[in-house]
Amino acid sequence: MAGILRIFLALVLVIGGGAALYAAITPDRLTQSELQSIGEGDAVAGETWFWAGGCSSCHAAEDAEGDDRLRLGGGRVLKTEFGDFVTPNISMHAIDGIGAWDFTDFANAMTHGVSPEGLPYYPAFPYTSYARMDLADIADLWAWFRTLPEVAAKSADHDLKFPFSVRRGVGIWQTAFFREGPAVELATDDPLIKRGQYLVEGAGHCGECHTPRNMAGATDFSLWLAGAPAAEGDGIVPNITGGSGGIGDWSESDIAYYLESGFTPDFDSVGGAMVEVQENMAMLEPGDREAVAAYLKTIPAHDSPAR
Amino acid sequence: MLKPLMTAFAFAMLTQPALSAEDPVATRKALMQNNGAAAALAGGMMKGEIAYSPAAGKAAIAAINATAVTMGDYFPGGSDTDPSTTASPKIWEDMAGFQEEVASLQAATAAALEVSGKAGPADLAAFQEAMGPILGTCRACHEGYRVQK
């Protein structure tokens, strides 16, 4: 009798442990009640989110100019310390791209980092920021996506080092590090600053490169936008707070001008990965660049971390 | 009396070649500083922070042109590992691509000098039209051939 009880208890533990593990590795999804209030998106409004989100910078071809920036066939290789990420085809091609998706699939990818098959996405795809977007704006973006061309190009697999190559493990990473809510708490109701916060922390995903990460690749919110080693190559992504090594001596109009023109206040030019980001930012309404500038002048100042 | 002096001078020329040949890293840094200062003058005028004058406009264009026609020579093999350099290794990994960027800068400055005439672009609008393509080449090259900083 006692033997049977022991076996039963062991089974409960194994099954319970398995269920907990399964819960940890299986990403969450949007609920029906979250989704049902969202109407049909507006493609024109969605274009703003397309440029703010920088979709082209990873999913269009490397040297794409003009309308080719709307051809989202993927295939770019991001060489990082975790291995090589290859950006997927997110064009409207039904087989190679995401043309067969519906809004629920798209919204789950953007806000929960989960594929239609229930697999977690690597956070090289910055859903960790996009999750801060309103579903209504994601619906507009999806409407815009639906207007984009089909590109026939098979997505290649990532070439990652173990253990990062175990995609299910990303589910555990999400459980541990995927944090919703604002990156910084700002004691202000100024609509311009709030708009800037929404752009920078959400679609713009500025923190993904400008904020240092911990050993597990998770954003260190205590050093929000304080600059970080570049994910690719040996460079440094600059501190864009007001602290030492940052942009405290830039005025709001300097920041807005930089995002529009690509020139710093002393007329050095934009460089590296920021070139494409700046070109995207130049596509926004002037008021949105002013909002980003107002937000950056409001956030806590951090000195550049010692390296 | 003169001969020893001449000999000494000739000897000095032989043993102390110009800074440029001896120290390509310092030379290219000086050239990029020249570009930066000229771009700051150009940008200040374009933003209306500095009053425009044709002579200043031409000075900015001519300064960048001088860099454009010389800078390509100061990235010799081996200077990528000089301890004082901060140039991107990508320049040496793809020297042909880098030199193409230099050539497009040269084309832009040559065209701008041409339209500048003797006195320089007559007004700010003319200057902006001449300068625009030059400034566009900055980012094109800095996108791929500069270390992020």
# chains A, B, ... in the order shown; residues from 1 in each chain; ligands from 1
>>> interface_residues(of="chain A", to="chain B", cutoff="7 Å", atoms="only C-alpha atoms", output="ChimeraX atom specification")
/A:235-238,266-273,275
>>> select_by_dssp(residues="stretch 78-275 of chain A", states="alpha helix (DSSP H)", output="JSON, numbers by chain")
{"A": [103, 104, 105, 106, 107, 108, 109, 110, 111, 112, 127, 128, 129, 130, 135, 136, 137, 138, 139, 140, 141, 142, 143, 144, 145, 169, 170, 171, 172, 173, 174, 175, 176, 177, 191, 192, 193, 194, 195, 196, 197, 198, 207, 208, 209, 210, 252, 253, 254, 255, 256, 257, 258, 259, 260, 261, 274, 275]}
>>> write_last_selection(atoms="C-alpha atoms", output="CSV table (one decimal), in the first residue's frame")
chain,number,residue,atom,x,y,z
A,103,PHE,CA,-4.7,39.4,-37.6
A,104,THR,CA,-4.7,37.1,-34.5
A,105,ASP,CA,-1.5,35.4,-35.8
A,106,PHE,CA,0.2,38.8,-36.4
A,107,ALA,CA,-0.9,40.3,-33.1
A,108,ASN,CA,0.3,37.2,-31.2
A,109,ALA,CA,3.7,37.5,-32.9
A,110,MET,CA,4.0,41.2,-32.2
A,111,THR,CA,2.8,41.2,-28.6
A,112,HIS,CA,3.7,37.8,-27.2
A,127,TYR,CA,8.4,41.9,-29.8
A,128,THR,CA,9.7,42.7,-26.3
A,129,SER,CA,9.1,46.3,-27.4
A,130,TYR,CA,6.3,45.9,-29.9
A,135,LEU,CA,-3.7,46.4,-30.5
A,136,ALA,CA,-5.5,49.0,-32.6
A,137,ASP,CA,-2.2,50.3,-33.9
A,138,ILE,CA,-1.1,46.8,-34.6
A,139,ALA,CA,-4.3,46.3,-36.5
A,140,ASP,CA,-3.5,49.4,-38.6
A,141,LEU,CA,0.0,48.0,-39.2
A,142,TRP,CA,-1.5,44.7,-40.3
A,143,ALA,CA,-3.8,46.4,-42.7
A,144,TRP,CA,-0.7,48.1,-44.2
A,145,PHE,CA,1.2,44.8,-44.4
A,169,GLY,CA,14.2,27.3,-24.4
A,170,VAL,CA,13.2,30.8,-25.5
A,171,GLY,CA,9.9,30.1,-23.8
A,172,ILE,CA,11.7,29.9,-20.5
A,173,TRP,CA,13.6,33.1,-21.4
A,174,GLN,CA,10.2,34.8,-22.0
A,175,THR,CA,8.8,33.6,-18.7
A,176,ALA,CA,11.9,35.0,-16.9
A,177,PHE,CA,12.5,38.3,-18.8
A,191,PRO,CA,0.9,64.5,-24.4
A,192,LEU,CA,4.1,65.2,-26.4
A,193,ILE,CA,6.3,63.3,-24.0
A,194,LYS,CA,3.7,60.5,-23.7
A,195,ARG,CA,3.6,60.2,-27.5
A,196,GLY,CA,7.4,60.0,-27.5
A,197,GLN,CA,7.4,57.3,-24.8
A,198,TYR,CA,5.0,55.3,-26.9
A,207,GLY,CA,15.9,50.3,-26.1
A,208,GLU,CA,16.7,47.0,-27.9
A,209,CYS,CA,20.1,48.5,-29.1
A,210,HIS,CA,20.6,51.5,-26.8
A,252,GLU,CA,15.2,68.9,-28.4
A,253,SER,CA,15.5,70.5,-31.9
A,254,ASP,CA,19.0,69.0,-32.3
A,255,ILE,CA,17.5,65.6,-31.7
A,256,ALA,CA,14.6,66.1,-34.0
A,257,TYR,CA,16.9,67.5,-36.7
A,258,TYR,CA,19.3,64.5,-36.3
A,259,LEU,CA,16.4,62.1,-36.8
A,260,GLU,CA,15.2,64.1,-39.9
A,261,SER,CA,18.6,64.8,-41.5
A,274,MET,CA,21.5,53.9,-37.2
A,275,VAL,CA,21.6,55.0,-40.9
>>> residues_around(residues="A:Gly204", least_positions_apart="5", cutoff="6 Å", atoms="only C-alpha atoms", output="list in words")
Ala52, Gly53 and Leu199 of chain A
>>> residues_around(residues="stretch 84-86 of chain A", least_positions_apart="6", cutoff="7 Å", atoms="only C-alpha atoms", output="PDB file with C-alpha atoms, in the first residue's frame")
ATOM      1  CA  GLY A  75      17.313  36.762 -45.570  1.00  0.00           C
ATOM      2  CA  ARG A  76      19.535  39.257 -43.796  1.00  0.00           C
ATOM      3  CA  VAL A  77      22.070  37.700 -41.467  1.00  0.00           C
ATOM      4  CA  LEU A  78      22.601  39.271 -38.044  1.00  0.00           C
ATOM      5  CA  ALA A 156      16.553  30.178 -43.986  1.00  0.00           C
ATOM      6  CA  ASP A 157      17.151  28.706 -40.523  1.00  0.00           C
ATOM      7  CA  HIS A 158      19.096  30.553 -37.859  1.00  0.00           C
ATOM      8  CA  ASP A 159      22.579  29.202 -37.196  1.00  0.00           C
ATOM      9  CA  LEU A 160      22.884  29.567 -33.423  1.00  0.00           C
TER      10      LEU A 160
END
>>> atom_distance(atom1="atom CA of A:Leu225", atom2="atom CA of A:His302")
8.2 Å
